[in-house]
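As stored in data_10.txt (compact mmCIF, C-alpha atoms):
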# COMPACT_ATOMS: atom_id res chain seq x y z
CA MET A 29 1.73 12.78 -9.54
CA GLN A 30 3.66 9.92 -11.12
CA PHE A 31 2.11 6.78 -12.57
CA PHE A 32 3.98 3.47 -12.74
CA SER A 33 2.80 0.60 -14.91
CA GLU A 34 3.54 -3.05 -14.21
CA GLU A 35 6.23 -3.02 -16.88
CA GLN A 36 7.91 0.08 -15.44
CA ILE A 37 7.94 -1.49 -11.99
CA ARG A 38 9.49 -4.72 -13.29
CA LYS A 39 12.29 -2.73 -14.87
CA SER A 40 12.92 -0.49 -11.86
CA ILE A 41 13.09 -3.04 -9.02
CA GLY A 42 16.44 -4.63 -8.27
CA VAL A 43 15.64 -7.84 -6.39
CA ASP A 44 18.92 -7.93 -4.43
CA GLU A 45 18.40 -4.31 -3.40
CA LEU A 46 14.81 -5.03 -2.39
CA ILE A 47 15.81 -8.01 -0.24
CA GLN A 48 18.33 -5.85 1.60
CA ALA A 49 15.87 -2.97 1.98
CA ILE A 50 13.18 -5.21 3.47
CA ARG A 51 15.68 -6.84 5.81
CA SER A 52 16.91 -3.43 6.98
CA ALA A 53 13.35 -2.16 7.45
CA PHE A 54 12.43 -5.09 9.70
CA ALA A 55 15.73 -4.98 11.62
CA ARG A 56 15.03 -1.42 12.80
CA ASP A 57 13.37 -0.82 16.15
CA PHE A 58 10.40 0.68 14.32
CA HIS A 59 7.68 0.42 16.93
CA SER A 60 7.88 4.13 17.82
CA THR A 61 7.89 5.30 14.18
CA LEU A 62 5.60 2.87 12.37
CA ARG A 63 1.82 3.06 12.15
CA MET A 64 0.50 -0.05 10.44
CA PRO A 65 -2.98 -1.30 11.39
CA VAL A 66 -3.95 -4.84 10.49
CA ARG A 67 -5.40 -4.70 7.01
CA THR A 68 -9.10 -4.15 6.50
CA SER A 69 -10.90 -7.01 4.77
CA LEU A 70 -14.24 -6.38 3.09
CA ASP A 71 -16.28 -9.20 1.57
CA LEU A 72 -17.41 -8.61 -2.00
CA VAL A 73 -20.22 -10.35 -3.91
CA GLU A 74 -17.55 -12.90 -4.86
CA GLY A 75 -14.13 -12.41 -3.32
CA VAL A 76 -12.61 -9.90 -0.95
CA LEU A 77 -11.30 -6.32 -0.96
CA LEU A 78 -8.22 -5.60 1.19
CA LEU A 79 -6.86 -2.21 2.31
CA MET A 80 -3.30 -2.00 3.68
CA PRO A 81 -2.15 1.43 4.97
CA CYS A 82 1.24 2.28 6.45
CA HIS A 83 2.97 5.42 7.75
CA ASP A 84 6.61 5.39 8.86
CA THR A 85 8.00 8.63 10.26
CA GLU A 86 11.59 7.37 10.04
CA LEU A 87 11.15 6.69 6.33
CA HIS A 88 9.21 9.97 5.92
CA ALA A 89 6.62 8.16 3.85
CA ALA A 90 3.08 6.87 3.84
CA GLY A 91 0.96 4.82 1.49
CA VAL A 92 -1.89 2.40 1.06
CA LYS A 93 -2.41 -0.67 -1.10
CA MET A 94 -5.82 -1.76 -2.33
CA VAL A 95 -6.16 -5.40 -3.37
CA SER A 96 -9.17 -7.22 -4.78
CA VAL A 97 -9.20 -11.02 -4.90
CA THR A 98 -12.01 -12.53 -6.98
CA PRO A 99 -12.58 -15.82 -8.80
CA GLN A 100 -13.10 -14.01 -12.11
CA ALA A 101 -10.14 -11.59 -12.13
CA GLY A 102 -7.76 -13.16 -9.62
CA VAL A 103 -5.63 -10.65 -7.70
CA LYS A 104 -5.67 -7.00 -8.72
CA ALA A 105 -3.59 -4.53 -6.70
CA THR A 106 -2.95 -0.77 -6.79
CA TYR A 107 -0.60 1.23 -4.59
CA SER A 108 -0.82 4.93 -3.66
CA LEU A 109 2.27 6.64 -2.23
CA VAL A 110 1.33 9.71 -0.17
CA ASP A 111 3.23 12.71 1.18
CA PRO A 112 2.76 12.28 4.97
CA VAL A 113 2.85 16.06 5.57
CA THR A 114 0.58 17.42 2.84
CA GLY A 115 -1.47 14.30 2.13
CA LYS A 116 -0.75 14.75 -1.58
CA VAL A 117 -0.69 11.57 -3.65
CA LEU A 118 2.85 11.34 -5.03
CA ALA A 119 2.50 8.20 -7.12
CA ILE A 120 -0.02 5.61 -8.25
CA MET A 121 1.33 2.16 -9.07
CA GLU A 122 -0.06 -0.95 -10.64
CA ALA A 123 0.92 -3.27 -7.83
CA ASN A 124 0.53 -6.91 -8.84
CA TYR A 125 4.24 -7.43 -9.53
CA LEU A 126 5.08 -5.16 -6.59
CA THR A 127 3.10 -7.54 -4.36
CA ASP A 128 4.66 -10.64 -5.89
CA ILE A 129 8.26 -9.54 -5.58
CA ARG A 130 8.01 -7.92 -2.14
CA THR A 131 6.44 -11.15 -0.83
CA ALA A 132 9.21 -13.24 -2.37
CA ALA A 133 11.89 -10.84 -1.14
CA THR A 134 10.47 -11.12 2.40
CA SER A 135 10.57 -14.92 2.10
CA ALA A 136 14.18 -14.59 0.97
CA VAL A 137 14.98 -12.57 4.10
CA ALA A 138 13.37 -15.22 6.31
CA THR A 139 15.14 -18.00 4.42
CA ASP A 140 18.51 -16.30 4.84
CA LEU A 141 17.87 -15.97 8.57
CA LEU A 142 16.44 -19.46 9.16
CA ALA A 143 17.58 -22.01 6.56
CA PRO A 144 20.86 -23.91 7.06
CA PRO A 145 23.69 -22.62 4.84
CA SER A 146 24.10 -26.01 3.15
CA VAL A 147 20.63 -26.34 1.58
CA THR A 148 20.65 -27.50 -2.04
CA THR A 149 17.04 -28.22 -3.09
CA LEU A 150 14.23 -25.66 -3.40
CA GLY A 151 10.66 -26.94 -3.65
CA ILE A 152 7.80 -24.73 -4.82
CA PHE A 153 4.11 -25.53 -4.41
CA GLY A 154 2.18 -23.53 -6.99
CA SER A 155 2.87 -22.36 -10.53
CA GLY A 156 1.53 -18.83 -10.61
CA ARG A 157 3.05 -15.39 -10.18
CA GLN A 158 4.16 -15.96 -6.59
CA ALA A 159 5.84 -19.22 -7.52
CA GLU A 160 7.81 -17.45 -10.25
CA ALA A 161 8.74 -14.59 -7.92
CA HIS A 162 10.03 -16.99 -5.28
CA LEU A 163 12.11 -18.87 -7.86
CA SER A 164 13.58 -15.51 -8.84
CA ALA A 165 14.32 -14.30 -5.30
CA LEU A 166 15.38 -17.28 -3.16
CA PRO A 167 18.47 -18.31 -5.18
CA ARG A 168 19.88 -14.90 -4.25
CA VAL A 169 20.29 -15.99 -0.62
CA ARG A 170 21.18 -19.69 -1.00
CA SER A 171 23.11 -21.67 -3.63
CA PHE A 172 20.42 -24.10 -4.73
CA GLU A 173 21.39 -26.87 -7.13
CA ARG A 174 17.97 -28.40 -7.73
CA PHE A 175 14.51 -26.87 -8.21
CA LEU A 176 11.22 -28.76 -7.82
CA VAL A 177 7.66 -27.63 -8.50
CA CYS A 178 4.32 -29.20 -7.60
CA GLY A 179 1.15 -27.85 -9.23
CA SER A 180 -2.54 -28.33 -8.59
CA GLY A 181 -3.08 -30.49 -11.65
CA LYS A 182 -5.04 -27.68 -13.29
CA SER A 183 -1.96 -25.87 -14.58
CA ASP A 184 0.48 -26.65 -17.37
CA LEU A 185 3.69 -27.34 -15.47
CA ARG A 186 5.59 -27.99 -18.68
CA SER A 187 4.88 -24.41 -19.76
CA PHE A 188 5.83 -23.09 -16.32
CA CYS A 189 9.13 -24.99 -16.27
CA GLY A 190 9.92 -23.75 -19.77
CA LYS A 191 9.29 -20.17 -18.71
CA MET A 192 11.59 -20.55 -15.70
CA LYS A 193 14.31 -21.85 -18.02
CA ARG A 194 13.91 -18.99 -20.51
CA GLU A 195 13.50 -16.11 -18.06
CA HIS A 196 15.56 -17.21 -15.05
CA GLY A 197 17.91 -19.86 -16.40
CA LEU A 198 16.57 -22.47 -13.96
CA GLU A 199 16.03 -26.16 -14.68
CA VAL A 200 12.80 -26.82 -12.75
CA GLU A 201 11.47 -30.37 -12.36
CA ALA A 202 7.74 -31.11 -11.99
CA MET A 203 7.16 -33.47 -9.07
CA PRO A 204 4.24 -34.89 -7.07
CA ALA A 205 3.54 -33.42 -3.64
CA GLU A 206 5.19 -36.21 -1.67
CA THR A 207 8.46 -36.01 -3.62
CA CYS A 208 8.55 -32.23 -3.34
CA ALA A 209 7.92 -32.32 0.42
CA ARG A 210 10.35 -35.18 1.12
CA GLU A 211 13.27 -33.98 -1.01
CA ALA A 212 13.23 -30.18 -0.68
CA ASP A 213 15.43 -28.47 1.90
CA VAL A 214 13.47 -25.23 1.49
CA ILE A 215 9.76 -25.28 0.63
CA CYS A 216 7.70 -22.31 -0.54
CA ALA A 217 3.92 -22.69 -0.51
CA CYS A 218 2.58 -20.17 -3.03
CA THR A 219 -0.94 -21.41 -3.76
CA THR A 220 -4.59 -20.48 -3.48
CA SER A 221 -5.35 -23.76 -1.72
CA ALA A 222 -7.63 -23.69 1.30
CA VAL A 223 -6.54 -27.16 2.45
CA PRO A 224 -3.13 -28.71 3.26
CA LEU A 225 -0.86 -29.45 0.31
CA PHE A 226 1.12 -32.34 1.82
CA ASP A 227 1.52 -34.57 4.87
CA GLY A 228 3.71 -32.98 7.54
CA HIS A 229 5.29 -36.36 8.31
CA TRP A 230 7.04 -36.15 4.93
CA LEU A 231 9.22 -33.17 5.85
CA ARG A 232 12.92 -33.87 6.21
CA PRO A 233 14.81 -32.78 9.35
CA GLY A 234 16.35 -29.34 8.93
CA ALA A 235 13.81 -28.16 6.35
CA HIS A 236 12.70 -24.55 6.17
CA LEU A 237 9.23 -23.52 4.94
CA ASN A 238 7.85 -20.21 3.67
CA LEU A 239 4.03 -20.10 3.61
CA VAL A 240 2.61 -17.14 1.66
CA GLY A 241 -0.61 -18.28 -0.03
CA ALA A 242 -3.32 -18.50 2.65
CA PHE A 243 -4.38 -15.18 4.19
CA GLN A 244 -7.73 -15.92 5.84
CA PRO A 245 -8.49 -17.62 9.19
CA HIS A 246 -10.28 -20.57 7.55
CA THR A 247 -7.66 -21.35 4.85
CA ARG A 248 -4.36 -23.15 5.15
CA GLU A 249 -1.57 -24.63 3.03
CA VAL A 250 -0.10 -26.99 5.64
CA ASP A 251 -1.52 -29.48 8.12
CA ASP A 252 -1.40 -29.62 11.91
CA GLU A 253 1.59 -31.99 11.85
CA THR A 254 3.70 -29.56 9.82
CA VAL A 255 3.04 -26.74 12.27
CA ARG A 256 3.51 -28.99 15.31
CA ARG A 257 6.96 -30.08 14.07
CA SER A 258 8.07 -26.55 13.18
CA ARG A 259 9.66 -23.64 15.01
CA VAL A 260 7.44 -20.81 13.82
CA VAL A 261 8.19 -17.19 12.86
CA VAL A 262 5.60 -14.73 11.50
CA ASP A 263 5.91 -11.47 9.60
CA THR A 264 3.89 -9.64 12.28
CA TYR A 265 2.15 -11.04 15.34
CA GLU A 266 -0.93 -8.87 14.81
CA GLY A 267 -1.56 -9.94 11.22
CA ALA A 268 -0.71 -13.61 11.68
CA LEU A 269 -2.82 -14.09 14.81
CA GLU A 270 -5.81 -12.50 13.11
CA GLU A 271 -5.57 -13.90 9.59
CA ALA A 272 -3.22 -16.92 9.32
CA GLY A 273 -5.35 -20.05 9.16
CA ASP A 274 -2.13 -22.11 8.96
CA LEU A 275 -1.65 -21.17 12.63
CA LEU A 276 -5.15 -20.33 13.85
CA LEU A 277 -6.59 -23.72 12.86
CA PRO A 278 -4.01 -25.81 14.77
CA ILE A 279 -4.40 -23.43 17.72
CA SER A 280 -8.18 -23.98 17.64
CA ASN A 281 -7.60 -27.74 17.32
CA GLY A 282 -5.48 -27.69 20.48
CA ILE A 283 -2.38 -28.90 18.61
CA ILE A 284 -0.31 -25.82 19.50
CA GLY A 285 -0.65 -22.81 21.77
CA ARG A 286 0.08 -19.16 21.13
CA GLU A 287 3.58 -19.68 22.55
CA HIS A 288 4.40 -21.93 19.57
CA VAL A 289 4.93 -18.72 17.56
CA LEU A 290 8.48 -17.98 18.67
CA ALA A 291 9.28 -14.68 16.95
CA ASP A 292 8.24 -12.12 14.40
CA LEU A 293 10.44 -10.99 11.52
CA HIS A 294 11.58 -7.88 13.38
CA GLU A 295 12.85 -9.89 16.35
CA LEU A 296 14.59 -12.31 14.01
CA ALA A 297 16.19 -9.68 11.74
CA ALA A 298 17.27 -7.57 14.70
CA GLY A 299 18.92 -10.55 16.37
CA LYS A 300 16.66 -10.32 19.39
CA LYS A 301 15.61 -13.97 19.14
CA GLN A 302 17.34 -17.10 17.87
CA VAL A 303 14.88 -19.59 16.40
CA ARG A 304 16.94 -22.29 14.69
CA ARG A 305 18.89 -24.21 17.34
CA ASP A 306 20.57 -26.84 15.19
CA ALA A 307 20.66 -28.38 11.71
CA THR A 308 17.75 -30.75 12.43
CA ASP A 309 15.18 -28.14 13.43
CA ILE A 310 12.31 -27.56 11.01
CA THR A 311 11.60 -23.83 10.72
CA LEU A 312 8.48 -22.19 9.31
CA PHE A 313 7.92 -18.58 8.24
CA LYS A 314 4.25 -17.68 7.94
CA SER A 315 3.54 -14.51 5.98
CA VAL A 316 0.16 -12.93 5.45
CA GLY A 317 1.84 -9.83 4.03
CA CYS A 318 2.23 -6.47 5.72
CA ALA A 319 2.05 -2.89 4.51
CA LEU A 320 5.62 -2.04 5.53
CA GLU A 321 6.87 -4.35 2.76
CA ASP A 322 4.73 -2.44 0.24
CA LEU A 323 5.91 0.96 1.44
CA VAL A 324 9.59 0.01 1.30
CA THR A 325 9.13 -1.37 -2.23
CA ALA A 326 7.22 1.69 -3.45
CA LEU A 327 9.98 3.99 -2.15
CA LEU A 328 12.62 2.00 -4.03
CA ILE A 329 10.57 2.30 -7.23
CA VAL A 330 10.17 6.07 -6.93
CA ARG A 331 13.83 6.60 -6.04
CA ALA A 332 14.95 4.52 -9.01
CA THR A 333 13.36 6.98 -11.46
Please express what this file holds, its structure, as structure tokens.
Amino acid sequence: MQFFSEEQIRKSIGVDELIQAIRSAFARDFHSTLRMPVRTSLDLVEGVLLLMPCHDTELHAAGVKMVSVTPQAGVKATYSLVDPVTGKVLAIMEANYLTDIRTAATSAVATDLLAPPSVTTLGIFGSGRQAEAHLSALPRVRSFERFLVCGSGKSDLRSFCGKMKREHGLEVEAMPAETCAREADVICACTTSAVPLFDGHWLRPGAHLNLVGAFQPHTREVDDETVRRSRVVVDTYEGALEEAGDLLLPISNGIIGREHVLADLHELAAGKKQVRRDATDITLFKSVGCALEDLVTALLIVRAT
């Protein structure tokens, strides 16, 4: 059995390769080969424990990720890659960075499929690991010229912007929420907020949004107006319609119906559905994360050694 530390995983993952692998995995007609139940969520004393299993007979692989989310320790993730024939555990991985980069790579796939080619400004809400991962991944699919970040007020944005300069060569500007929402062509919401981050009226025509932070039915990063104005794609119907408060809350408020969710990432990547109609459409990709992304990433890590 192999063990992979966070540092080993950082060194082994090629982000461009991961983006392509995730896009290819979703573009397949995988419904006859993929077994991926909606993740199990177990309440802890404080926080939640998530289990995310996946078995894909076409990839000849299986695995499960265990994630704990607590106020004291934040997010802690571990991945187990399993031989689907023998049941033997082939590898154990520290999976925090794995989760960060596979989420950002999936957002990059959605951005490449939905955002207009001419976008120039990327806006990030949040200044944690997911924010950094998205700043690393999204410039690989669009030629951004300007980078904006909006924090919660509890974080040191000067330190974050300095780190992005040192590690990714990006000049990131700290901005208030309204400026970030009004001026960004592509917005990534990468926060732990349970309430909307900005007013949906502020969004510019043609904007594309990736929402990755909220993963429970009662939490959300955007308001009803944002969702109402947007043409919506989800990573998977099953996960989004069970866990995505960004969609479930406006559905329960009567603002949108189930039909407002126009496609999942498979239908989009496979070319089965066209979501963006013109340059003025606002598009929104809601991700709660799915186990296929973890499995594809774990296979790339093992094969890189």
Query raised in the report: Which neighbours of Phe243 (chain A) fall inside 10 Å, counting only C-alpha atoms, when residues of the same chain fewer than 4 positions from it are skipped, and could you give them as a ChimeraX atom specification?
Result: /A:220,222,239,247-249,267-268,270-274,314-317
Query raised in the report: Do you have the CA of Gly179 (chain A)-CA of Arg259 (chain A) distance handy?
Result: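 That distance, rounded to one decimal, is 26.0 Å.
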Report task. Find the spatial neighbours of region 115-118 of chain A, counting all atoms listed in the file, within a cut-off of 8 Å - ignore same-chain residues fewer than 5 positions away - and output them as a PyMOL selection string. Result -> chain A and resi 29-30+108-110
Please, which residues are within 9 Å of (4.8, 5.9, 7.9) by the file's coordinates, counting only C-alpha atoms, and could they come as a compact mmCIF listing (two decimals) with C-alpha atoms, in the frame of the given file?
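Below is the file selection.txt, written as the result:
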# COMPACT_ATOMS: atom_id res chain seq x y z
CA THR A 61 7.89 5.30 14.18
CA LEU A 62 5.60 2.87 12.37
CA ARG A 63 1.82 3.06 12.15
CA MET A 64 0.50 -0.05 10.44
CA PRO A 81 -2.15 1.43 4.97
CA CYS A 82 1.24 2.28 6.45
CA HIS A 83 2.97 5.42 7.75
CA ASP A 84 6.61 5.39 8.86
CA THR A 85 8.00 8.63 10.26
CA GLU A 86 11.59 7.37 10.04
CA LEU A 87 11.15 6.69 6.33
CA HIS A 88 9.21 9.97 5.92
CA ALA A 89 6.62 8.16 3.85
CA ALA A 90 3.08 6.87 3.84
CA GLY A 91 0.96 4.82 1.49
CA PRO A 112 2.76 12.28 4.97
CA LEU A 320 5.62 -2.04 5.53
CA LEU A 323 5.91 0.96 1.44
**Report entry** Polymer residues at most 12 Å from (14.6, -4.5, 12.2) by only C-alpha atoms, as a list in words
**Finding:** Gln48, Ala49, Ile50, Arg51, Ser52, Ala53, Phe54, Ala55, Arg56, Asp57, Phe58, His59, Leu62, Val137, Asp263, Thr264, Asp292, Leu293, His294, Glu295, Leu296, Ala297, Ala298, Gly299, Lys300, Lys301 and Leu320 of chain A
Requested in this report: Could you tell me which of A:Pro167, A:Ala138, A:Gln244, A:Gln100 comes closest to Asp71 (chain A) if we count all atoms listed in the file?
Outcome: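 Looking only at the distances to Asp71 (chain A), the closest residue turns out to be A:Gln244.
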Query raised in the report: Which residue out of A:Ala326, A:Leu46, A:Ile129, A:Leu72 has the minimum interatomic distance to Thr106 (chain A) when only C-alpha atoms are used?
Result: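 Residue with the minimum atom-to-atom distance to Thr106 (chain A): A:Ala326.
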Query - d(CA of Ala161 (chain A), CA of Val76 (chain A)) in Å - result: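 Between CA of Ala161 (chain A) and CA of Val76 (chain A) the gap is 22.9 Å.
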Requested in this report: Rounded to one decimal place, report the CA of Pro144 (chain A)-CA of Arg305 (chain A) distance in Å.
Outcome: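 If I compute the distance from CA of Pro144 (chain A) to CA of Arg305 (chain A), I get 10.5 Å.
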Query - Surrounding residues of Val97 (chain A) excluding itself and chain neighbours under 3 positions, 7 Å, all atoms listed in the file, as a ChimeraX atom specification - result: /A:75-77,102-104
Could the residues in this selection be saved with C-alpha atoms as a PDB file, in the coordinates of the input?
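For reference, result30.pdb as written:
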ATOM      1  CA  GLY A  75     -14.130 -12.410  -3.320  1.00  0.00           C
ATOM      2  CA  VAL A  76     -12.610  -9.900  -0.950  1.00  0.00           C
ATOM      3  CA  LEU A  77     -11.300  -6.320  -0.960  1.00  0.00           C
ATOM      4  CA  GLY A 102      -7.760 -13.160  -9.620  1.00  0.00           C
ATOM      5  CA  VAL A 103      -5.630 -10.650  -7.700  1.00  0.00           C
ATOM      6  CA  LYS A 104      -5.670  -7.000  -8.720  1.00  0.00           C
TER       7      LYS A 104
END
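Minimum distance to Phe226 (chain A) across A:Asp252, A:Asp213, A:Glu201, A:Asp306 (counting only C-alpha atoms) occurs at A:Asp252.
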Query raised in the report: Hey, which of A:Ala307, A:Ala291, A:Leu237, A:Tyr107 ends up closest to Leu79 (chain A)? Count only C-alpha atoms.
Result: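 Checking each of A:Ala307, A:Ala291, A:Leu237, A:Tyr107 against Leu79 (chain A), counting only C-alpha atoms, the winner is A:Tyr107.
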Query - Among listed residues A:Ser40, A:Thr131, A:Ser171, A:Thr114, nearest Ser146 (chain A) (using all atoms listed in the file) - result: A:Ser171
Report summary line: Shortest contact to Trp230 (chain A), candidates A:Cys208, A:Val261, A:Leu166, A:Ala242, atoms counted only C-alpha atoms, goes to A:Cys208
